[in-house]
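> Here's a structure for you.
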Amino acid sequence: MVKVPGKRPEPVRPQPRTEYQQRERRDGSEDPPGPLIQKTPIILAKPPGDRAKPPQNTSTSGAPVLEKPIMLMKARDEGGKPGTPQETAAQPSGPGPSKMEKEGQRPTQPVYQIQYRGMGPSASSSAVDPMVGQAKLLPPEKMKHSIKLVDDQMNWCDSAMEYLRDQTDMLVVGVIGLQGSGKSTIMSLLSANTPEEDQRSYVFRAQSQEIKERGGNQSTGIDFFITQERVIFLDTQPILSPSILDHLINNDRKLPPEYNLPHTYVEMQSLQIAAFLFTVCHVVIVVQDWFTDLNLYRFLQSAEMVKPSTPSASHDSSGSSGSDDGAEYYPHIVFLQNKARREDFCPRNLKNMHMVVDKLMAHSHLKYKGTLSMLDCNIFPGLGHDFLTTEVNMFLLPMQEGDGEDHLTKAGTYPLFSLLPGYRGHPTFSYMVSKLRSQILAMPRSQLSHTILTEKNWFHYAARIWDGVKKSSALSEYSRLSARTWLQLLYILYIFISVYKKKCELEGYSLFSL
């Protein structure tokens, strides 16, 4: 090496070892001179959350539980060769620190750990896996009784939110009807109960004998129940209820400032509930216990008139939601004749009933025909599908019998015929309920809004619709016109009575003596 004045001599670099020398170095047979390049250690240890946990290899029933595999991957060495199994096995895997960890050395090579989430049976229903940080898929909670969606003061309740899930396969069924028509009983039979059970155990409470005797109503507001099949049932208070009107008049209950007359307030409550169901339900069941009440169809047309419009897909006031802005949503309507008589199942009477309902609902946008048919239930085996040319969504339910055929009238008094039951003219009540349930659950599940709703999104959407219904300008205008109409009728009645009284006095006899 020649020294150059003014420059430091370059250090002598060690020659790289050959493959033969490296093999001898690993075997320990030779210790070549020069600095050694220390390999980066890889430390295998359990996560901090699992160090104090005892191993769980058996389930509660004693059967062994197979743990999910853990795959360990490490980077290659500088020479391009992966670590040998001997080196990997030599690393400490216990909870105690290794020699390199005591000296303060830290790995500079990345270590990748892949672990699959386990679904062990010992996990609690509300547990969250700390390794993954995601909630496990829980089974839906089963409801045992109905809860309030809207209370008796017409206020929204949030208690139903905990029973809803983030999935879109759901069916919403609502019911409206007059007082005592059997709405709660029918909704209980469609949702979770059978006719053989005691009515006191129904999910929707029916009228007790005491309430029937004093002419009261059992349901108030809107009740909510969801089944395991993700079908939401909404039971409502009776529309145009005389018992609610009597309660307002006799108990001196204060009316809201926008309502002057009690009967106007009762009518507005009924319209609010009906308009709400027409917006948030796939199917609305109209229950009657006799055929038919023209005021009920007039009420349905009024509720359809004040129904809120379907919200657009875009919440911006300036933005356009596309071509679907003009499309309004209307539910499927099912006319249920409860407590039907034997004569109602006569084919000729059945045809006349369908024709009357079709004429009354001819100008309605509600989907009242084409989705339910009694002819498909083998109830009238001799009738073809062309028998009812104007078939609407109508279903007949007979009187509910407590003990099956024990309450049937015996056919005649002769010994031979006294052993036979009387002519019924229709299948049993349980059979009819099962057919009605299958028809209702098979209803088309149309899209309620311009966006696909999950169960939780439906709840928020329904809360927004209810708030909009209570503040609706159309309902306020209808209430004002209705109150004015009633005042005009009362004024006309007062003038008529006054004129007639004056005439009676002129003729020499009193009005009240008649």
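Letters A, B, ... mark the chains of the structure tokens in the order given; residue numbers begin at 1 per chain; ligand numbers begin at 1, in order shown.
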For stretch 211-223 of chain A, list every protein, DNA or RNA residue within 10 Å, evaluated using only C-alpha atoms, and leave out those in the same chain fewer than 2 positions away; present the list as a PDB file with C-alpha atoms, in the first residue's frame.

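File written: selection.pdb
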ATOM      1  CA  HIS A 145     -94.916  -8.856  24.079  1.00  0.00           C
ATOM      2  CA  SER A 146     -95.598  -5.703  22.140  1.00  0.00           C
ATOM      3  CA  ILE A 147     -94.135  -2.316  23.032  1.00  0.00           C
ATOM      4  CA  LYS A 148     -95.198   1.239  22.326  1.00  0.00           C
ATOM      5  CA  LEU A 149     -94.171   2.952  19.115  1.00  0.00           C
ATOM      6  CA  VAL A 150     -96.564   5.881  19.681  1.00  0.00           C
ATOM      7  CA  ASP A 151     -98.045   6.419  23.149  1.00  0.00           C
ATOM      8  CA  ASP A 152    -101.547   7.575  24.074  1.00  0.00           C
ATOM      9  CA  GLN A 153    -100.400  11.214  23.939  1.00  0.00           C
ATOM     10  CA  MET A 154     -99.372  10.741  20.296  1.00  0.00           C
ATOM     11  CA  ASN A 155     -95.661  11.024  21.124  1.00  0.00           C
ATOM     12  CA  TRP A 156     -92.952   8.919  19.451  1.00  0.00           C
ATOM     13  CA  CYS A 157     -91.175   6.242  21.545  1.00  0.00           C
ATOM     14  CA  ALA A 160     -88.251  -0.392  19.671  1.00  0.00           C
ATOM     15  CA  GLY A 174    -100.232  -2.404   9.879  1.00  0.00           C
ATOM     16  CA  VAL A 175    -103.917  -2.571  10.810  1.00  0.00           C
ATOM     17  CA  GLN A 179    -113.697  -0.116  17.778  1.00  0.00           C
ATOM     18  CA  GLY A 180    -114.275  -3.737  18.788  1.00  0.00           C
ATOM     19  CA  LYS A 183    -107.735  -5.802  15.308  1.00  0.00           C
ATOM     20  CA  SER A 184    -105.477  -6.818  18.215  1.00  0.00           C
ATOM     21  CA  VAL A 203     -98.656 -10.307  22.213  1.00  0.00           C
ATOM     22  CA  PHE A 204    -101.269  -7.606  21.497  1.00  0.00           C
ATOM     23  CA  ARG A 205    -103.709  -7.262  24.369  1.00  0.00           C
ATOM     24  CA  ALA A 206    -107.316  -7.764  23.343  1.00  0.00           C
ATOM     25  CA  GLN A 207    -110.364  -6.277  25.027  1.00  0.00           C
ATOM     26  CA  SER A 208    -111.173  -7.804  28.374  1.00  0.00           C
ATOM     27  CA  GLN A 209    -114.741  -8.583  29.392  1.00  0.00           C
ATOM     28  CA  PHE A 225     -93.943  -6.153  17.553  1.00  0.00           C
ATOM     29  CA  PHE A 233     -96.581  -5.714  13.027  1.00  0.00           C
ATOM     30  CA  LEU A 234     -98.174  -2.386  13.985  1.00  0.00           C
ATOM     31  CA  ASP A 235    -101.403  -2.467  15.985  1.00  0.00           C
ATOM     32  CA  THR A 236    -103.296   0.818  16.325  1.00  0.00           C
ATOM     33  CA  GLN A 237    -106.043   2.340  18.414  1.00  0.00           C
ATOM     34  CA  PRO A 238    -109.547   2.290  16.880  1.00  0.00           C
ATOM     35  CA  SER A 241    -113.530   5.777  18.473  1.00  0.00           C
ATOM     36  CA  PRO A 242    -116.560   6.829  20.547  1.00  0.00           C
ATOM     37  CA  SER A 243    -114.848   5.725  23.763  1.00  0.00           C
ATOM     38  CA  ILE A 244    -111.902   8.097  23.145  1.00  0.00           C
ATOM     39  CA  ASP A 246    -116.265  10.105  25.617  1.00  0.00           C
ATOM     40  CA  HIS A 247    -113.011  10.164  27.571  1.00  0.00           C
ATOM     41  CA  GLN A 269    -105.831  11.445  15.458  1.00  0.00           C
ATOM     42  CA  SER A 270    -107.375   8.735  13.285  1.00  0.00           C
ATOM     43  CA  ILE A 273    -102.465   7.155  12.206  1.00  0.00           C
TER      44      ILE A 273
END
> Quick one: residues within 10 Å of A:Lys144, only C-alpha atoms, excluding same-chain residues fewer than 6 positions away - as a list in words?
Ala192, Ser201, Tyr202, Val203, Phe225, Ile226 and Thr227 of chain A
> Quick one: everything within 7 Å of stretch 167-172 of chain A, counting only C-alpha atoms, minus sequence neighbours fewer than 6 positions away in the same chain. Send it as number ranges by chain.
A: 230-233, 281-283, 445, 453-455
> Selection from above, C-alpha atoms, as a PDB file, in the first residue's frame, can you write it?

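Writing done, so here's selection_5.pdb:
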ATOM      1  CA  ARG A 230     -88.268 -10.039  10.616  1.00  0.00           C
ATOM      2  CA  VAL A 231     -91.928  -9.133  10.085  1.00  0.00           C
ATOM      3  CA  ILE A 232     -92.961  -5.904  11.823  1.00  0.00           C
ATOM      4  CA  PHE A 233     -96.581  -5.714  13.027  1.00  0.00           C
ATOM      5  CA  CYS A 281     -96.177  -0.096   5.742  1.00  0.00           C
ATOM      6  CA  HIS A 282     -96.026  -2.643   2.963  1.00  0.00           C
ATOM      7  CA  VAL A 283     -99.471  -4.033   3.864  1.00  0.00           C
ATOM      8  CA  ARG A 445     -92.297  -6.082  -0.388  1.00  0.00           C
ATOM      9  CA  LEU A 453     -84.075   0.848   4.023  1.00  0.00           C
ATOM     10  CA  THR A 454     -82.725  -1.443   6.695  1.00  0.00           C
ATOM     11  CA  GLU A 455     -84.721  -2.079   9.860  1.00  0.00           C
TER      12      GLU A 455
END
> As JSON, numbers by chain, list the residues of stretch 204-279 of chain A assigned to alpha helix (DSSP H) by DSSP on the backbone atoms of this structure.
{"A": [209, 210, 211, 212, 213, 242, 243, 244, 245, 246, 247, 248, 249, 250, 262, 263, 264, 265, 266, 267, 268, 269, 270, 271, 272, 273, 274, 275, 276, 277, 278, 279]}
> Grab the residues selected above and save them as a short mmCIF file (atom, residue, chain, number, x, y, z; two decimals), in the first residue's frame with C-alpha atoms.

data_model
loop_
_atom_site.label_atom_id
_atom_site.label_comp_id
_atom_site.auth_asym_id
_atom_site.auth_seq_id
_atom_site.Cartn_x
_atom_site.Cartn_y
_atom_site.Cartn_z
CA GLN A 209 -114.74 -8.58 29.39
CA GLU A 210 -114.84 -5.57 31.69
CA ILE A 211 -113.75 -3.19 28.92
CA LYS A 212 -116.34 -4.68 26.57
CA GLU A 213 -119.11 -4.16 29.11
CA PRO A 242 -116.56 6.83 20.55
CA SER A 243 -114.85 5.73 23.76
CA ILE A 244 -111.90 8.10 23.14
CA LEU A 245 -114.37 10.90 22.42
CA ASP A 246 -116.27 10.10 25.62
CA HIS A 247 -113.01 10.16 27.57
CA LEU A 248 -112.13 13.59 26.18
CA ILE A 249 -115.54 15.06 27.02
CA ASN A 250 -116.15 13.58 30.48
CA PRO A 262 -113.26 17.08 20.77
CA HIS A 263 -114.69 15.15 17.84
CA THR A 264 -112.40 17.06 15.46
CA TYR A 265 -109.40 16.06 17.57
CA VAL A 266 -110.46 12.38 17.51
CA GLU A 267 -110.90 12.49 13.74
CA MET A 268 -107.46 14.11 13.30
CA GLN A 269 -105.83 11.44 15.46
CA SER A 270 -107.37 8.74 13.28
CA LEU A 271 -106.27 10.45 10.09
CA GLN A 272 -102.73 10.87 11.40
CA ILE A 273 -102.46 7.16 12.21
CA ALA A 274 -103.94 6.08 8.86
CA ALA A 275 -101.74 8.46 6.85
CA PHE A 276 -98.70 7.23 8.79
CA LEU A 277 -99.49 3.58 8.01
CA PHE A 278 -100.06 4.38 4.34
CA THR A 279 -96.49 5.73 4.19
#
> Could you pull out the residues in stretch 122-359 of chain A that DSSP calls strand (DSSP E) from the backbone, as number ranges by chain?
A: 147-150, 171-177, 222-226, 231-236, 283-288, 332-340
> Just want the 7 Å neighbourhood of stretch 350-364 of chain A, counted on only C-alpha atoms, with same-chain residues fewer than 6 positions away dropped. Output as an MDAnalysis selection string.
chainID A and resid 344 388 390:392
> Considering only C-alpha atoms, return as an MDAnalysis selection string whatever protein or nucleic-acid residues lie within 10 Å of A:Ser449, sequence-local ones (same chain, fewer than 3 positions apart) excluded.
chainID A and resid 279:280 310:313 324 327:329 446 452:453 458 461
> Tell me, as a JSON list (two decimals) with all heavy atoms, in the first residue's frame, which residues lie within 12 Å of A:Leu436, counting only C-alpha atoms; anything in the same chain fewer than 4 positions away does not count.

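Output (selection02.json):
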[["chain", "number", "residue", "atom", "x", "y", "z"],
["A", 186, "ILE", "N", -106.48, -10.33, 15.75],
["A", 186, "ILE", "CA", -106.01, -10.78, 14.43],
["A", 186, "ILE", "C", -104.51, -10.57, 14.29],
["A", 186, "ILE", "O", -103.79, -11.44, 13.78],
["A", 186, "ILE", "CB", -106.79, -10.04, 13.34],
["A", 186, "ILE", "CG1", -108.25, -10.51, 13.32],
["A", 186, "ILE", "CG2", -106.15, -10.25, 11.97],
["A", 186, "ILE", "CD1", -109.13, -9.73, 12.39],
["A", 187, "MET", "N", -104.00, -9.44, 14.76],
["A", 187, "MET", "CA", -102.56, -9.19, 14.67],
["A", 187, "MET", "C", -101.77, -10.16, 15.54],
["A", 187, "MET", "O", -100.66, -10.56, 15.18],
["A", 187, "MET", "CB", -102.26, -7.76, 15.07],
["A", 187, "MET", "CG", -102.85, -6.72, 14.13],
["A", 187, "MET", "SD", -102.22, -6.84, 12.45],
["A", 187, "MET", "CE", -100.67, -5.98, 12.62],
["A", 189, "LEU", "N", -102.70, -13.29, 16.18],
["A", 189, "LEU", "CA", -102.74, -14.58, 15.48],
["A", 189, "LEU", "C", -101.83, -14.58, 14.26],
["A", 189, "LEU", "O", -101.28, -15.63, 13.90],
["A", 189, "LEU", "CB", -104.17, -14.90, 15.06],
["A", 189, "LEU", "CG", -105.18, -15.10, 16.21],
["A", 189, "LEU", "CD1", -106.58, -15.32, 15.66],
["A", 189, "LEU", "CD2", -104.76, -16.27, 17.09],
["A", 190, "LEU", "N", -101.66, -13.45, 13.62],
["A", 190, "LEU", "CA", -100.76, -13.39, 12.47],
["A", 190, "LEU", "C", -99.30, -13.35, 12.86],
["A", 190, "LEU", "O", -98.44, -13.75, 12.07],
["A", 190, "LEU", "CB", -101.08, -12.15, 11.63],
["A", 190, "LEU", "CG", -102.43, -12.11, 10.92],
["A", 190, "LEU", "CD1", -102.60, -10.81, 10.17],
["A", 190, "LEU", "CD2", -102.57, -13.29, 9.96],
["A", 191, "SER", "N", -98.98, -12.92, 14.06],
["A", 191, "SER", "CA", -97.58, -12.71, 14.45],
["A", 191, "SER", "C", -97.01, -13.87, 15.24],
["A", 191, "SER", "O", -96.05, -14.51, 14.80],
["A", 191, "SER", "CB", -97.46, -11.41, 15.25],
["A", 191, "SER", "OG", -98.30, -11.45, 16.39],
["A", 285, "ILE", "N", -104.02, -3.72, 6.78],
["A", 285, "ILE", "CA", -105.22, -4.54, 6.89],
["A", 285, "ILE", "C", -106.35, -3.67, 7.45],
["A", 285, "ILE", "O", -106.21, -3.06, 8.51],
["A", 285, "ILE", "CB", -104.99, -5.75, 7.80],
["A", 285, "ILE", "CG1", -103.79, -6.58, 7.29],
["A", 285, "ILE", "CG2", -106.22, -6.62, 7.88],
["A", 285, "ILE", "CD1", -103.43, -7.74, 8.19],
["A", 334, "VAL", "N", -105.71, -4.74, 2.37],
["A", 334, "VAL", "CA", -106.44, -5.99, 2.50],
["A", 334, "VAL", "C", -107.69, -5.72, 3.33],
["A", 334, "VAL", "O", -107.60, -5.25, 4.47],
["A", 334, "VAL", "CB", -105.57, -7.08, 3.16],
["A", 334, "VAL", "CG1", -106.39, -8.35, 3.37],
["A", 334, "VAL", "CG2", -104.35, -7.38, 2.32],
["A", 335, "PHE", "N", -108.86, -6.00, 2.76],
["A", 335, "PHE", "CA", -110.13, -5.83, 3.47],
["A", 335, "PHE", "C", -110.47, -7.16, 4.13],
["A", 335, "PHE", "O", -110.76, -8.16, 3.45],
["A", 335, "PHE", "CB", -111.23, -5.41, 2.50],
["A", 335, "PHE", "CG", -111.01, -4.06, 1.88],
["A", 335, "PHE", "CD1", -110.40, -3.94, 0.64],
["A", 335, "PHE", "CD2", -111.38, -2.91, 2.54],
["A", 335, "PHE", "CE1", -110.19, -2.71, 0.06],
["A", 335, "PHE", "CE2", -111.16, -1.67, 1.98],
["A", 335, "PHE", "CZ", -110.57, -1.56, 0.74],
["A", 336, "LEU", "N", -110.44, -7.16, 5.45],
["A", 336, "LEU", "CA", -110.67, -8.38, 6.23],
["A", 336, "LEU", "C", -112.03, -8.29, 6.89],
["A", 336, "LEU", "O", -112.27, -7.41, 7.74],
["A", 336, "LEU", "CB", -109.57, -8.55, 7.28],
["A", 336, "LEU", "CG", -109.67, -9.78, 8.18],
["A", 336, "LEU", "CD1", -109.62, -11.06, 7.35],
["A", 336, "LEU", "CD2", -108.56, -9.79, 9.22],
["A", 337, "GLN", "N", -112.92, -9.20, 6.50],
["A", 337, "GLN", "CA", -114.24, -9.27, 7.11],
["A", 337, "GLN", "C", -114.18, -10.27, 8.27],
["A", 337, "GLN", "O", -114.22, -11.48, 8.08],
["A", 337, "GLN", "CB", -115.28, -9.72, 6.06],
["A", 337, "GLN", "CG", -115.40, -8.80, 4.87],
["A", 337, "GLN", "CD", -115.89, -7.42, 5.25],
["A", 337, "GLN", "OE1", -116.74, -7.26, 6.13],
["A", 337, "GLN", "NE2", -115.38, -6.39, 4.58],
["A", 338, "ASN", "N", -114.06, -9.74, 9.48],
["A", 338, "ASN", "CA", -113.98, -10.57, 10.67],
["A", 338, "ASN", "C", -115.39, -10.91, 11.17],
["A", 338, "ASN", "O", -116.35, -10.16, 10.91],
["A", 338, "ASN", "CB", -113.20, -9.82, 11.75],
["A", 338, "ASN", "CG", -112.80, -10.73, 12.90],
["A", 338, "ASN", "OD1", -112.69, -11.94, 12.73],
["A", 338, "ASN", "ND2", -112.59, -10.15, 14.07],
["A", 372, "LEU", "N", -104.01, -10.70, -3.28],
["A", 372, "LEU", "CA", -104.54, -11.68, -2.33],
["A", 372, "LEU", "C", -105.82, -12.26, -2.92],
["A", 372, "LEU", "O", -106.63, -11.53, -3.50],
["A", 372, "LEU", "CB", -104.80, -11.02, -0.97],
["A", 372, "LEU", "CG", -105.29, -11.93, 0.17],
["A", 372, "LEU", "CD1", -104.66, -11.49, 1.49],
["A", 372, "LEU", "CD2", -106.81, -11.87, 0.30],
["A", 373, "SER", "N", -105.96, -13.57, -2.76],
["A", 373, "SER", "CA", -107.12, -14.24, -3.34],
["A", 373, "SER", "C", -107.54, -15.40, -2.45],
["A", 373, "SER", "O", -106.71, -16.23, -2.06],
["A", 373, "SER", "CB", -106.80, -14.75, -4.75],
["A", 373, "SER", "OG", -107.87, -15.48, -5.29],
["A", 374, "MET", "N", -108.81, -15.44, -2.13],
["A", 374, "MET", "CA", -109.34, -16.58, -1.37],
["A", 374, "MET", "C", -109.51, -17.81, -2.27],
["A", 374, "MET", "O", -109.58, -18.94, -1.77],
["A", 374, "MET", "CB", -110.70, -16.21, -0.75],
["A", 374, "MET", "CG", -110.62, -15.20, 0.37],
["A", 374, "MET", "SD", -112.22, -14.96, 1.18],
["A", 374, "MET", "CE", -112.48, -16.55, 1.93],
["A", 375, "LEU", "N", -109.58, -17.61, -3.58],
["A", 375, "LEU", "CA", -109.73, -18.75, -4.48],
["A", 375, "LEU", "C", -108.47, -19.60, -4.56],
["A", 375, "LEU", "O", -108.54, -20.74, -5.01],
["A", 375, "LEU", "CB", -110.11, -18.25, -5.88],
["A", 375, "LEU", "CG", -111.41, -17.44, -5.97],
["A", 375, "LEU", "CD1", -111.66, -17.00, -7.41],
["A", 375, "LEU", "CD2", -112.59, -18.26, -5.44],
["A", 376, "ASP", "N", -107.34, -19.05, -4.16],
["A", 376, "ASP", "CA", -106.09, -19.82, -4.16],
["A", 376, "ASP", "C", -105.88, -20.61, -2.88],
["A", 376, "ASP", "O", -104.85, -21.28, -2.74],
["A", 376, "ASP", "CB", -104.90, -18.87, -4.35],
["A", 376, "ASP", "CG", -104.92, -18.19, -5.70],
["A", 376, "ASP", "OD1", -105.55, -18.74, -6.63],
["A", 376, "ASP", "OD2", -104.32, -17.09, -5.83],
["A", 377, "CYS", "N", -106.81, -20.56, -1.94],
["A", 377, "CYS", "CA", -106.64, -21.22, -0.64],
["A", 377, "CYS", "C", -107.46, -22.50, -0.52],
["A", 377, "CYS", "O", -107.57, -23.04, 0.60],
["A", 377, "CYS", "CB", -107.03, -20.25, 0.49],
["A", 377, "CYS", "SG", -106.10, -18.71, 0.50],
["A", 379, "ILE", "N", -110.55, -22.85, -0.44],
["A", 379, "ILE", "CA", -111.73, -22.64, 0.39],
["A", 379, "ILE", "C", -113.00, -22.86, -0.43],
["A", 379, "ILE", "O", -114.00, -23.37, 0.08],
["A", 379, "ILE", "CB", -111.69, -21.21, 0.99],
["A", 379, "ILE", "CG1", -110.44, -21.04, 1.85],
["A", 379, "ILE", "CG2", -112.94, -20.92, 1.81],
["A", 379, "ILE", "CD1", -110.25, -19.64, 2.38],
["A", 393, "ASN", "N", -108.63, -7.47, -2.81],
["A", 393, "ASN", "CA", -107.91, -8.12, -1.70],
["A", 393, "ASN", "C", -108.85, -8.22, -0.50],
["A", 393, "ASN", "O", -108.81, -7.41, 0.43],
["A", 393, "ASN", "CB", -106.66, -7.32, -1.33],
["A", 393, "ASN", "CG", -105.68, -7.22, -2.48],
["A", 393, "ASN", "OD1", -105.66, -8.07, -3.37],
["A", 393, "ASN", "ND2", -104.87, -6.18, -2.49],
["A", 394, "MET", "N", -109.68, -9.24, -0.52],
["A", 394, "MET", "CA", -110.65, -9.45, 0.55],
["A", 394, "MET", "C", -110.51, -10.85, 1.11],
["A", 394, "MET", "O", -110.30, -11.81, 0.36],
["A", 394, "MET", "CB", -112.08, -9.21, 0.04],
["A", 394, "MET", "CG", -113.15, -9.40, 1.11],
["A", 394, "MET", "SD", -114.82, -9.18, 0.47],
["A", 394, "MET", "CE", -114.77, -7.43, 0.14],
["A", 395, "PHE", "N", -110.62, -10.93, 2.44],
["A", 395, "PHE", "CA", -110.55, -12.23, 3.09],
["A", 395, "PHE", "C", -111.61, -12.26, 4.18],
["A", 395, "PHE", "O", -111.84, -11.27, 4.88],
["A", 395, "PHE", "CB", -109.17, -12.47, 3.69],
["A", 395, "PHE", "CG", -108.84, -13.91, 3.92],
["A", 395, "PHE", "CD1", -108.17, -14.65, 2.95],
["A", 395, "PHE", "CD2", -109.20, -14.54, 5.10],
["A", 395, "PHE", "CE1", -107.87, -15.99, 3.16],
["A", 395, "PHE", "CE2", -108.90, -15.87, 5.32],
["A", 395, "PHE", "CZ", -108.23, -16.60, 4.35],
["A", 396, "LEU", "N", -112.23, -13.44, 4.35],
["A", 396, "LEU", "CA", -113.30, -13.63, 5.33],
["A", 396, "LEU", "C", -112.83, -14.55, 6.44],
["A", 396, "LEU", "O", -112.28, -15.63, 6.17],
["A", 396, "LEU", "CB", -114.55, -14.22, 4.67],
["A", 396, "LEU", "CG", -115.54, -13.26, 4.00],
["A", 396, "LEU", "CD1", -114.90, -12.55, 2.81],
["A", 396, "LEU", "CD2", -116.80, -14.01, 3.57],
["A", 397, "LEU", "N", -113.05, -14.13, 7.68],
["A", 397, "LEU", "CA", -112.76, -14.95, 8.85],
["A", 397, "LEU", "C", -114.06, -15.23, 9.59],
["A", 397, "LEU", "O", -114.79, -14.28, 9.92],
["A", 397, "LEU", "CB", -111.77, -14.26, 9.79],
["A", 397, "LEU", "CG", -110.29, -14.36, 9.46],
["A", 397, "LEU", "CD1", -109.46, -13.66, 10.53],
["A", 397, "LEU", "CD2", -109.84, -15.81, 9.33],
["A", 429, "PHE", "N", -111.86, -22.13, 11.92],
["A", 429, "PHE", "CA", -111.24, -20.83, 12.14],
["A", 429, "PHE", "C", -109.71, -20.94, 12.08],
["A", 429, "PHE", "O", -109.04, -20.06, 11.52],
["A", 429, "PHE", "CB", -111.69, -20.28, 13.50],
["A", 429, "PHE", "CG", -111.10, -18.94, 13.84],
["A", 429, "PHE", "CD1", -111.65, -17.78, 13.30],
["A", 429, "PHE", "CD2", -110.01, -18.83, 14.69],
["A", 429, "PHE", "CE1", -111.11, -16.54, 13.61],
["A", 429, "PHE", "CE2", -109.47, -17.60, 14.99],
["A", 429, "PHE", "CZ", -110.02, -16.45, 14.46],
["A", 430, "SER", "N", -109.14, -22.00, 12.64],
["A", 430, "SER", "CA", -107.68, -22.18, 12.61],
["A", 430, "SER", "C", -107.17, -22.33, 11.20],
["A", 430, "SER", "O", -106.11, -21.78, 10.84],
["A", 430, "SER", "CB", -107.28, -23.40, 13.45],
["A", 430, "SER", "OG", -107.72, -23.27, 14.79],
["A", 431, "TYR", "N", -107.89, -23.05, 10.37],
["A", 431, "TYR", "CA", -107.48, -23.22, 8.98],
["A", 431, "TYR", "C", -107.52, -21.89, 8.24],
["A", 431, "TYR", "O", -106.61, -21.56, 7.46],
["A", 431, "TYR", "CB", -108.39, -24.24, 8.31],
["A", 431, "TYR", "CG", -108.07, -24.50, 6.85],
["A", 431, "TYR", "CD1", -107.07, -25.39, 6.50],
["A", 431, "TYR", "CD2", -108.78, -23.85, 5.83],
["A", 431, "TYR", "CE1", -106.77, -25.64, 5.16],
["A", 431, "TYR", "CE2", -108.49, -24.09, 4.51],
["A", 431, "TYR", "CZ", -107.48, -24.99, 4.18],
["A", 431, "TYR", "OH", -107.18, -25.21, 2.85],
["A", 432, "MET", "N", -108.56, -21.11, 8.48],
["A", 432, "MET", "CA", -108.67, -19.82, 7.80],
["A", 432, "MET", "C", -107.57, -18.86, 8.24],
["A", 432, "MET", "O", -107.03, -18.10, 7.44],
["A", 432, "MET", "CB", -110.05, -19.22, 8.07],
["A", 432, "MET", "CG", -111.20, -20.06, 7.56],
["A", 432, "MET", "SD", -111.29, -20.14, 5.77],
["A", 432, "MET", "CE", -111.79, -18.49, 5.39],
["A", 440, "ILE", "N", -100.67, -13.13, 3.74],
["A", 440, "ILE", "CA", -100.10, -11.84, 4.16],
["A", 440, "ILE", "C", -98.58, -11.88, 4.06],
["A", 440, "ILE", "O", -97.95, -10.93, 3.57],
["A", 440, "ILE", "CB", -100.55, -11.51, 5.59],
["A", 440, "ILE", "CG1", -102.06, -11.27, 5.64],
["A", 440, "ILE", "CG2", -99.80, -10.29, 6.13],
["A", 440, "ILE", "CD1", -102.50, -10.07, 4.85],
["A", 441, "LEU", "N", -97.95, -12.95, 4.51],
["A", 441, "LEU", "CA", -96.49, -13.04, 4.49],
["A", 441, "LEU", "C", -95.95, -13.15, 3.07],
["A", 441, "LEU", "O", -94.76, -12.90, 2.85],
["A", 441, "LEU", "CB", -96.02, -14.23, 5.33],
["A", 441, "LEU", "CG", -96.34, -14.16, 6.82],
["A", 441, "LEU", "CD1", -95.75, -15.35, 7.54],
["A", 441, "LEU", "CD2", -95.85, -12.86, 7.44],
["A", 442, "ALA", "N", -96.79, -13.55, 2.11],
["A", 442, "ALA", "CA", -96.35, -13.64, 0.72],
["A", 442, "ALA", "C", -96.60, -12.36, -0.06],
["A", 442, "ALA", "O", -96.42, -12.34, -1.28],
["A", 442, "ALA", "CB", -97.05, -14.81, 0.03],
["A", 443, "MET", "N", -97.00, -11.30, 0.61],
["A", 443, "MET", "CA", -97.26, -10.04, -0.07],
["A", 443, "MET", "C", -95.97, -9.46, -0.65],
["A", 443, "MET", "O", -94.88, -9.65, -0.10],
["A", 443, "MET", "CB", -97.87, -9.04, 0.91],
["A", 443, "MET", "CG", -99.34, -9.26, 1.17],
["A", 443, "MET", "SD", -100.32, -8.71, -0.22],
["A", 443, "MET", "CE", -101.97, -8.91, 0.44]]
> Taking only C-alpha atoms into account, name the residue in A:His426, A:Ser302, A:Lys307, A:Glu229 that is nearest to A:Pro381.
A:His426
> Atom CA of A:Glu507 and atom CA of A:Tyr494 are how many Å apart?
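Between atom CA of A:Glu507 and atom CA of A:Tyr494 the gap is 20.1 Å.
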